[in-house]
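Okay, final-v8.cif now, which holds mmCIF, C-alpha atoms:
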```cif
data_protein
loop_
_atom_site.label_atom_id
_atom_site.label_comp_id
_atom_site.auth_asym_id
_atom_site.auth_seq_id
_atom_site.Cartn_x
_atom_site.Cartn_y
_atom_site.Cartn_z
CA MET A 1351 170.87 125.24 129.50
CA LYS A 1352 172.75 122.54 127.59
CA ASP A 1353 169.52 121.48 125.84
CA ILE A 1354 168.87 125.07 124.77
CA ARG A 1355 172.42 125.40 123.42
CA LYS A 1356 172.03 122.15 121.48
CA PHE A 1357 168.72 123.36 120.03
CA ILE A 1358 170.31 126.68 118.96
CA LEU A 1359 173.26 124.81 117.47
CA PHE A 1360 171.08 122.50 115.37
CA LEU A 1361 168.37 125.05 114.54
CA PRO A 1362 169.94 126.07 111.18
CA LEU A 1363 170.04 122.40 110.11
CA LEU A 1364 166.44 121.86 111.16
CA LEU A 1365 165.33 124.96 109.28
CA ALA A 1366 167.30 123.95 106.20
CA PHE A 1367 165.66 120.51 106.23
CA SER A 1368 162.21 122.09 106.62
CA VAL A 1369 162.75 124.53 103.74
CA THR A 1370 164.05 121.72 101.51
CA ALA A 1371 161.01 119.59 102.24
CA GLN A 1372 158.61 122.46 101.69
CA ASN A 1373 160.29 123.42 98.41
CA ARG A 1374 160.08 119.92 96.98
CA ALA A 1375 156.69 120.60 95.39
CA ASP A 1376 158.02 123.75 93.74
CA ALA A 1377 160.76 121.71 92.07
CA ILE A 1378 158.25 119.08 90.91
CA VAL A 1379 155.85 121.69 89.50
CA LYS A 1380 158.72 123.41 87.69
CA GLU A 1381 159.76 120.10 86.15
CA PHE A 1382 156.15 119.16 85.36
CA LYS A 1383 155.91 122.25 83.17
CA LYS A 1384 158.92 121.19 81.10
CA SER A 1385 157.09 119.11 78.52
CA ASN A 1386 160.19 118.13 76.57
CA SER A 1387 162.31 117.25 79.57
CA SER A 1388 164.05 113.89 79.60
CA ASN A 1389 163.38 113.65 83.32
CA ILE A 1390 160.67 111.10 84.03
CA LEU A 1391 158.00 111.90 86.63
CA VAL A 1392 156.47 109.19 88.81
CA ALA A 1393 152.83 109.16 89.92
CA ALA A 1394 151.78 106.64 92.56
CA HIS A 1395 148.34 105.10 91.97
CA ARG A 1396 146.14 105.61 95.08
CA GLY A 1397 149.26 106.41 97.06
CA ASP A 1398 151.73 104.00 98.61
CA TRP A 1399 149.05 101.32 99.04
CA ARG A 1400 151.57 98.50 99.36
CA HIS A 1401 152.52 99.85 102.78
CA ALA A 1402 149.29 101.60 103.84
CA PRO A 1403 145.57 101.68 103.02
CA GLU A 1404 144.92 103.06 99.54
CA ASN A 1405 143.80 106.70 99.43
CA SER A 1406 144.88 107.25 103.04
CA ILE A 1407 146.95 109.97 104.67
CA LYS A 1408 149.58 107.36 105.46
CA ALA A 1409 149.65 106.34 101.78
CA ILE A 1410 150.29 109.97 100.78
CA GLU A 1411 152.99 110.34 103.43
CA GLY A 1412 154.62 107.16 102.13
CA CYS A 1413 154.83 108.66 98.64
CA ILE A 1414 156.40 111.83 100.00
CA ALA A 1415 159.00 109.87 101.97
CA MET A 1416 159.76 107.72 98.92
CA GLY A 1417 160.40 110.74 96.68
CA VAL A 1418 157.40 110.23 94.38
CA ASP A 1419 156.43 113.30 92.33
CA ILE A 1420 152.65 112.91 92.04
CA VAL A 1421 150.15 111.03 94.18
CA GLU A 1422 146.88 109.96 92.54
CA ILE A 1423 143.81 110.09 94.78
CA ASP A 1424 140.09 109.54 94.19
CA VAL A 1425 137.53 112.08 95.38
CA ARG A 1426 133.90 111.43 96.28
CA LYS A 1427 131.14 113.46 97.93
CA THR A 1428 129.36 112.46 101.13
CA LYS A 1429 125.67 112.75 101.94
CA ASP A 1430 126.28 116.13 103.59
CA GLY A 1431 128.39 117.47 100.71
CA LYS A 1432 131.86 116.91 102.13
CA LEU A 1433 134.71 115.61 99.97
CA VAL A 1434 136.55 112.44 100.97
CA LEU A 1435 139.07 110.05 99.44
CA MET A 1436 137.50 106.83 98.20
CA HIS A 1437 137.94 105.00 94.91
CA ASP A 1438 134.75 102.95 94.88
CA ALA A 1439 131.24 104.37 95.05
CA THR A 1440 130.80 102.13 98.09
CA ILE A 1441 132.88 101.73 101.24
CA ASP A 1442 132.60 97.94 101.46
CA ARG A 1443 135.98 96.97 99.95
CA THR A 1444 138.19 99.42 101.83
CA THR A 1445 136.55 99.92 105.25
CA ASN A 1446 134.66 98.06 107.97
CA GLY A 1447 131.46 99.78 106.83
CA THR A 1448 128.95 99.12 104.06
CA GLY A 1449 126.95 101.14 101.55
CA LYS A 1450 127.55 104.10 99.29
CA VAL A 1451 129.76 107.04 100.21
CA SER A 1452 126.91 109.31 99.15
CA ASP A 1453 124.56 107.67 101.66
CA HIS A 1454 126.75 108.52 104.66
CA THR A 1455 127.61 111.80 106.35
CA LEU A 1456 131.24 112.69 107.00
CA ALA A 1457 130.72 112.14 110.73
CA GLU A 1458 129.45 108.62 110.03
CA LEU A 1459 132.37 107.83 107.73
CA LYS A 1460 134.89 109.13 110.24
CA LYS A 1461 133.81 106.41 112.68
CA LEU A 1462 135.04 103.72 110.30
CA TYR A 1463 138.51 102.23 109.86
CA LEU A 1464 140.36 101.64 106.61
CA LYS A 1465 141.48 98.17 105.59
CA ASN A 1466 145.13 97.74 104.74
CA HIS A 1467 146.52 97.91 101.21
CA LYS A 1468 143.70 97.48 98.61
CA GLY A 1469 141.27 96.09 101.15
CA GLY A 1470 138.86 93.31 100.29
CA GLU A 1471 137.35 90.48 102.29
CA GLY A 1472 139.59 89.20 105.07
CA THR A 1473 142.02 92.13 104.91
CA GLU A 1474 143.15 93.45 108.28
CA LEU A 1475 141.83 96.74 109.61
CA THR A 1476 144.22 99.57 110.40
CA GLY A 1477 144.02 102.56 112.69
CA GLN A 1478 143.64 104.84 109.67
CA ARG A 1479 140.39 106.74 109.10
CA ILE A 1480 138.84 107.90 105.84
CA SER A 1481 140.55 111.13 104.81
CA THR A 1482 138.88 114.32 103.72
CA LEU A 1483 140.19 116.06 100.62
CA GLU A 1484 141.20 118.97 102.84
CA GLU A 1485 143.31 116.71 105.06
CA ALA A 1486 144.91 115.11 102.01
CA MET A 1487 145.79 118.42 100.35
CA LEU A 1488 147.30 119.82 103.54
CA THR A 1489 149.40 116.67 103.85
CA ALA A 1490 150.61 117.09 100.26
CA LYS A 1491 151.12 120.85 100.44
CA GLY A 1492 154.66 121.88 99.60
CA LYS A 1493 155.81 118.29 99.20
CA ILE A 1494 154.16 116.54 96.24
CA MET A 1495 151.74 117.12 93.35
CA VAL A 1496 148.26 115.57 93.45
CA ASN A 1497 146.31 113.98 90.59
CA LEU A 1498 142.60 114.36 91.39
CA ASP A 1499 140.80 111.40 89.90
CA LYS A 1500 136.97 111.11 89.90
CA SER A 1501 136.73 114.85 90.51
CA TYR A 1502 135.58 116.15 87.12
CA GLY A 1503 131.88 116.17 88.01
CA ILE A 1504 132.50 117.98 91.30
CA MET A 1505 135.22 120.38 90.15
CA LYS A 1506 133.73 123.49 91.74
CA GLU A 1507 133.58 121.87 95.17
CA VAL A 1508 137.10 120.47 94.75
CA TYR A 1509 138.41 123.82 93.50
CA SER A 1510 136.97 125.48 96.61
CA VAL A 1511 138.95 123.12 98.87
CA LEU A 1512 142.11 123.79 96.87
CA GLU A 1513 141.61 127.53 97.29
CA GLN A 1514 140.99 127.19 101.02
CA THR A 1515 144.10 125.05 101.53
CA GLY A 1516 146.33 127.06 99.19
CA THR A 1517 147.07 124.04 97.02
CA LEU A 1518 145.85 125.05 93.55
CA ASP A 1519 149.46 125.06 92.38
CA ILE A 1520 149.99 121.33 93.01
CA ALA A 1521 146.65 119.97 91.73
CA ILE A 1522 146.03 118.19 88.43
CA PHE A 1523 142.44 117.84 87.16
CA LYS A 1524 141.62 115.27 84.50
CA GLY A 1525 138.67 114.22 82.36
CA ARG A 1526 137.34 112.61 79.19
CA SER A 1527 135.12 115.38 77.77
CA THR A 1528 135.69 117.21 74.48
CA PRO A 1529 137.99 120.25 74.42
CA GLU A 1530 135.00 122.56 73.98
CA GLN A 1531 133.15 121.01 76.93
CA VAL A 1532 136.22 121.12 79.16
CA LYS A 1533 136.70 124.80 78.38
CA LYS A 1534 133.08 125.45 79.34
CA ASP A 1535 133.19 123.31 82.48
CA MET A 1536 136.40 124.94 83.70
CA SER A 1537 135.45 128.51 82.79
CA PHE A 1538 135.19 129.44 86.48
CA MET A 1539 138.91 128.75 86.95
CA THR A 1540 141.64 131.30 86.39
CA SER A 1541 143.80 128.81 84.49
CA HIS A 1542 143.54 125.46 82.71
CA GLU A 1543 147.26 124.91 83.14
CA PHE A 1544 146.99 121.71 85.13
CA PHE A 1545 144.20 119.97 83.28
CA MET A 1546 145.01 116.60 81.73
CA PRO A 1547 142.74 115.14 79.02
CA ILE A 1548 142.32 111.37 79.00
CA VAL A 1549 142.54 110.06 75.42
CA PHE A 1550 142.13 106.52 74.14
CA SER A 1551 144.17 104.89 71.39
CA ASP A 1552 141.14 103.01 70.04
CA ASN A 1553 139.25 106.25 69.34
CA GLU A 1554 139.45 106.83 65.58
CA LYS A 1555 139.37 110.60 66.11
CA VAL A 1556 141.97 110.66 68.89
CA LYS A 1557 144.71 112.44 66.92
CA GLU A 1558 142.36 115.25 65.94
CA SER A 1559 141.18 115.44 69.55
CA ILE A 1560 144.78 115.90 70.72
CA LYS A 1561 145.26 118.76 68.24
CA GLN A 1562 142.08 120.46 69.41
CA PHE A 1563 143.00 120.13 73.07
CA LEU A 1564 146.39 121.70 72.40
CA LYS A 1565 144.69 124.55 70.54
CA ILE A 1566 141.77 125.22 72.91
CA ILE A 1567 142.89 124.15 76.38
CA HIS A 1568 146.73 124.04 76.30
CA PRO A 1569 146.85 121.13 78.77
CA ALA A 1570 149.93 120.36 80.86
CA ALA A 1571 149.80 116.66 79.97
CA PHE A 1572 147.83 113.99 78.13
CA GLU A 1573 146.88 110.74 79.83
CA ILE A 1574 147.09 108.27 76.98
CA ILE A 1575 145.29 104.94 77.32
CA LEU A 1576 147.00 102.40 75.07
CA ARG A 1577 144.75 99.51 74.12
CA GLU A 1578 146.02 96.99 71.56
CA ASP A 1579 149.29 98.66 70.62
CA ASP A 1580 151.47 101.69 71.29
CA GLU A 1581 151.02 103.30 67.85
CA LEU A 1582 149.47 106.45 69.35
CA LEU A 1583 152.80 107.22 70.98
CA SER A 1584 153.92 108.32 67.52
CA GLU A 1585 152.19 111.56 68.58
CA ALA A 1586 154.40 111.94 71.67
CA GLY A 1587 156.92 114.21 69.97
CA TYR A 1588 154.15 116.46 68.66
CA ILE A 1589 152.49 116.60 72.07
CA ARG A 1590 155.71 117.38 73.95
CA SER A 1591 156.85 120.01 71.44
CA ASN A 1592 153.50 121.75 71.97
CA GLY A 1593 153.88 122.08 75.72
CA ALA A 1594 152.34 118.93 77.22
CA ARG A 1595 153.85 115.90 78.89
CA VAL A 1596 152.89 112.34 77.95
CA TRP A 1597 151.39 110.28 80.79
CA VAL A 1598 150.81 106.53 80.55
CA ASN A 1599 149.34 104.20 83.19
CA THR A 1600 151.34 101.00 83.54
CA LEU A 1601 148.97 99.58 86.15
CA TRP A 1602 147.73 96.70 84.01
CA ASP A 1603 148.04 95.47 80.43
CA SER A 1604 144.85 96.98 78.98
CA LEU A 1605 145.97 100.52 79.85
CA CYS A 1606 149.46 100.36 78.37
CA ALA A 1607 149.39 97.91 75.43
CA GLY A 1608 150.85 95.19 77.64
CA TYR A 1609 153.88 97.09 78.98
CA SER A 1610 152.67 96.80 82.55
CA ASP A 1611 154.29 97.16 85.96
CA GLU A 1612 154.07 93.42 86.54
CA LYS A 1613 156.26 92.79 83.50
CA ALA A 1614 158.44 95.86 84.08
CA VAL A 1615 159.50 94.73 87.55
CA LYS A 1616 160.97 91.61 85.90
CA ASP A 1617 162.31 93.36 82.78
CA PRO A 1618 162.28 97.18 83.16
CA ASP A 1619 164.16 97.96 79.94
CA ALA A 1620 161.66 96.03 77.79
CA ASN A 1621 158.65 97.69 79.41
CA TRP A 1622 159.21 101.02 81.21
CA GLY A 1623 162.29 101.56 79.05
CA HIS A 1624 160.37 100.84 75.85
CA LEU A 1625 157.69 103.41 76.73
CA ILE A 1626 160.33 106.00 77.63
CA ASP A 1627 161.95 105.45 74.23
CA LYS A 1628 158.53 106.07 72.66
CA GLY A 1629 158.24 109.46 74.39
CA VAL A 1630 156.42 108.81 77.68
CA ASN A 1631 157.68 111.10 80.44
CA ILE A 1632 155.14 110.53 83.22
CA PHE A 1633 154.23 107.08 84.54
CA GLN A 1634 151.35 106.25 86.84
CA THR A 1635 152.43 103.07 88.58
CA ASP A 1636 151.57 100.59 91.30
CA ASN A 1637 155.31 100.00 91.80
CA PRO A 1638 156.74 103.46 92.50
CA ALA A 1639 159.74 102.22 94.51
CA GLU A 1640 160.95 99.92 91.72
CA LEU A 1641 160.31 102.54 89.04
CA LEU A 1642 162.20 105.23 90.97
CA GLN A 1643 165.12 102.86 91.44
CA TYR A 1644 165.17 102.11 87.71
CA LEU A 1645 164.97 105.77 86.67
CA ASN A 1646 167.69 106.80 89.08
CA LYS A 1647 169.92 104.04 87.76
CA LYS A 1648 169.32 105.33 84.21
CA GLY A 1649 169.99 108.97 85.17
CA LEU A 1650 166.44 110.06 84.34
CA ARG A 1651 165.77 111.95 87.60
CA ASP A 1652 168.05 114.99 87.37
CA PHE A 1653 165.96 117.59 89.20
#
```

Turn the structure described in the file into structure tokens.
Amino acid sequence: MKDIRKFILFLPLLLAFSVTAQNRADAIVKEFKKSNSSNILVAAHRGDWRHAPENSIKAIEGCIAMGVDIVEIDVRKTKDGKLVLMHDATIDRTTNGTGKVSDHTLAELKKLYLKNHKGGEGTELTGQRISTLEEAMLTAKGKIMVNLDKSYGIMKEVYSVLEQTGTLDIAIFKGRSTPEQVKKDMSFMTSHEFFMPIVFSDNEKVKESIKQFLKIIHPAAFEIILREDDELLSEAGYIRSNGARVWVNTLWDSLCAGYSDEKAVKDPDANWGHLIDKGVNIFQTDNPAELLQYLNKKGLRDF
């Protein structure tokens, strides 16, 4: 009887915690839509791979626990047409198996174990299995947004999983095609709201491409690849005032004109801070914990 009374007493607190957790994704999506917001969103590259295998359920759960806004995952198709999380075309680096993802059935892949962190030769095996996209989306549901990398060529299959799991609202598609081609390729969808074009600073027609995307697709964000310099960020104000956020990958120097995570961990103001001053308001990072700490210290996480 005492146990029942304790359960009844703490039930409102348990329910409140559950509702808060489930509503976290709603708050992130609402903020994601605010293109001109000064709040900076954090996307974790392949999940929390520093504490779990990349692209694993545990890596997604780590991002949720950390308070990350978006988890980036990579989607590939198996021999029998199922969708799984795997960055490489092969399973050699990240599992105890070998060969292409596309040469194995889901049942065969599910027998394998994931290597810890980024994998590679000599890396320890974990108890984690290869995740299906369905499992990943159900893990993320209500808690975090998901950036679906390597999914452009299999969008219809991915979209079907999102419909089945009720997670269309938290998914971000991305791609490198022209605005006209993207519109055609995504014509089966009800909305292009969460599509993110990938644009490159060394493309001489990139500024015109941005204008056309804003006119034809109305994307929610632009993933801007900065090569030699950050001059393209002069377009950040224009992009944000036209309803799209500005996303930069600080994973390594060649993606962000040298303002990388490695340097930012040592000097955040000169790297993450510099890009924020230039108009970036979404970062994809390999150091989400350090970036979150920096943003919170600067008061750039008010949501």

Find the residues with any atom within 6 Å of (148.6, 110.1, 76.5); use all atoms listed in the file and the coordinates as given in the file, and write the answer as an mmCIF file with C-alpha atoms, in the coordinates of the input.
```cif
data_model
loop_
_atom_site.group_PDB
_atom_site.id
_atom_site.type_symbol
_atom_site.label_atom_id
_atom_site.label_comp_id
_atom_site.auth_asym_id
_atom_site.auth_seq_id
_atom_site.Cartn_x
_atom_site.Cartn_y
_atom_site.Cartn_z
ATOM 1 C CA PHE A 1572 147.830 113.990 78.130
ATOM 2 C CA GLU A 1573 146.880 110.740 79.830
ATOM 3 C CA ILE A 1574 147.090 108.270 76.980
ATOM 4 C CA VAL A 1596 152.890 112.340 77.950
ATOM 5 C CA TRP A 1597 151.390 110.280 80.790
ATOM 6 C CA VAL A 1598 150.810 106.530 80.550
#
```

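Counting all atoms listed in the file, the residue from A:Arg1396, A:Lys1432, A:Arg1526, A:Lys1613 that sits nearest to Val1508 in chain A is A:Lys1432.
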
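With all atoms listed in the file as the basis for measurement, A:Ser1559 is the residue among A:Gln1634, A:Asn1389, A:Ser1559, A:Gln1514 that approaches Pro1529 in chain A most closely.
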
Problem set entry | Within 12 Å of file point (126.4, 120.5, 99.1), counting all atoms listed in the file, expressed as a ChimeraX atom specification | /A:1427-1433,1452,1455,1504,1506-1508,1510

Seminar exercise, completed: If you count all atoms listed in the file, the residue of A:Asn1386, A:Thr1517, A:Asn1446, A:Ser1584 closest to Ala1490 in chain A turns out to be A:Thr1517

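Distance annotation: of A:Lys1468, A:Lys1500, A:Lys1561, A:His1395, the residue with the minimal separation from Ala1439 in chain A is A:Lys1500; atom set is only C-alpha atoms.
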
To verify the selection step, state as a tab-separated table (two decimals) with C-alpha atoms, in the frame of the given file which residues the PyMOL selection byres ((chain A and resi 1621) around 10) yields on this input.
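Result written to part21.tsv:
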```
chain	number	residue	atom	x	y	z
A	1600	THR	CA	151.34	101.00	83.54
A	1606	CYS	CA	149.46	100.36	78.37
A	1608	GLY	CA	150.85	95.19	77.64
A	1609	TYR	CA	153.88	97.09	78.98
A	1610	SER	CA	152.67	96.80	82.55
A	1611	ASP	CA	154.29	97.16	85.96
A	1612	GLU	CA	154.07	93.42	86.54
A	1613	LYS	CA	156.26	92.79	83.50
A	1614	ALA	CA	158.44	95.86	84.08
A	1615	VAL	CA	159.50	94.73	87.55
A	1616	LYS	CA	160.97	91.61	85.90
A	1617	ASP	CA	162.31	93.36	82.78
A	1618	PRO	CA	162.28	97.18	83.16
A	1619	ASP	CA	164.16	97.96	79.94
A	1620	ALA	CA	161.66	96.03	77.79
A	1622	TRP	CA	159.21	101.02	81.21
A	1623	GLY	CA	162.29	101.56	79.05
A	1624	HIS	CA	160.37	100.84	75.85
A	1625	LEU	CA	157.69	103.41	76.73
A	1626	ILE	CA	160.33	106.00	77.63
A	1627	ASP	CA	161.95	105.45	74.23
```

For this session: Find the residues around Ile1407 in chain A up to 9 Å (all atoms listed in the file counted), leave out those fewer than 2 positions away in its own chain, and share them as a ChimeraX atom specification.
Result: /A:1397,1402-1405,1409-1412,1478-1481,1485-1486,1489

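The coordinates place CA of Leu1641 in chain A at 24.8 Å from CA of Leu1435 in chain A.
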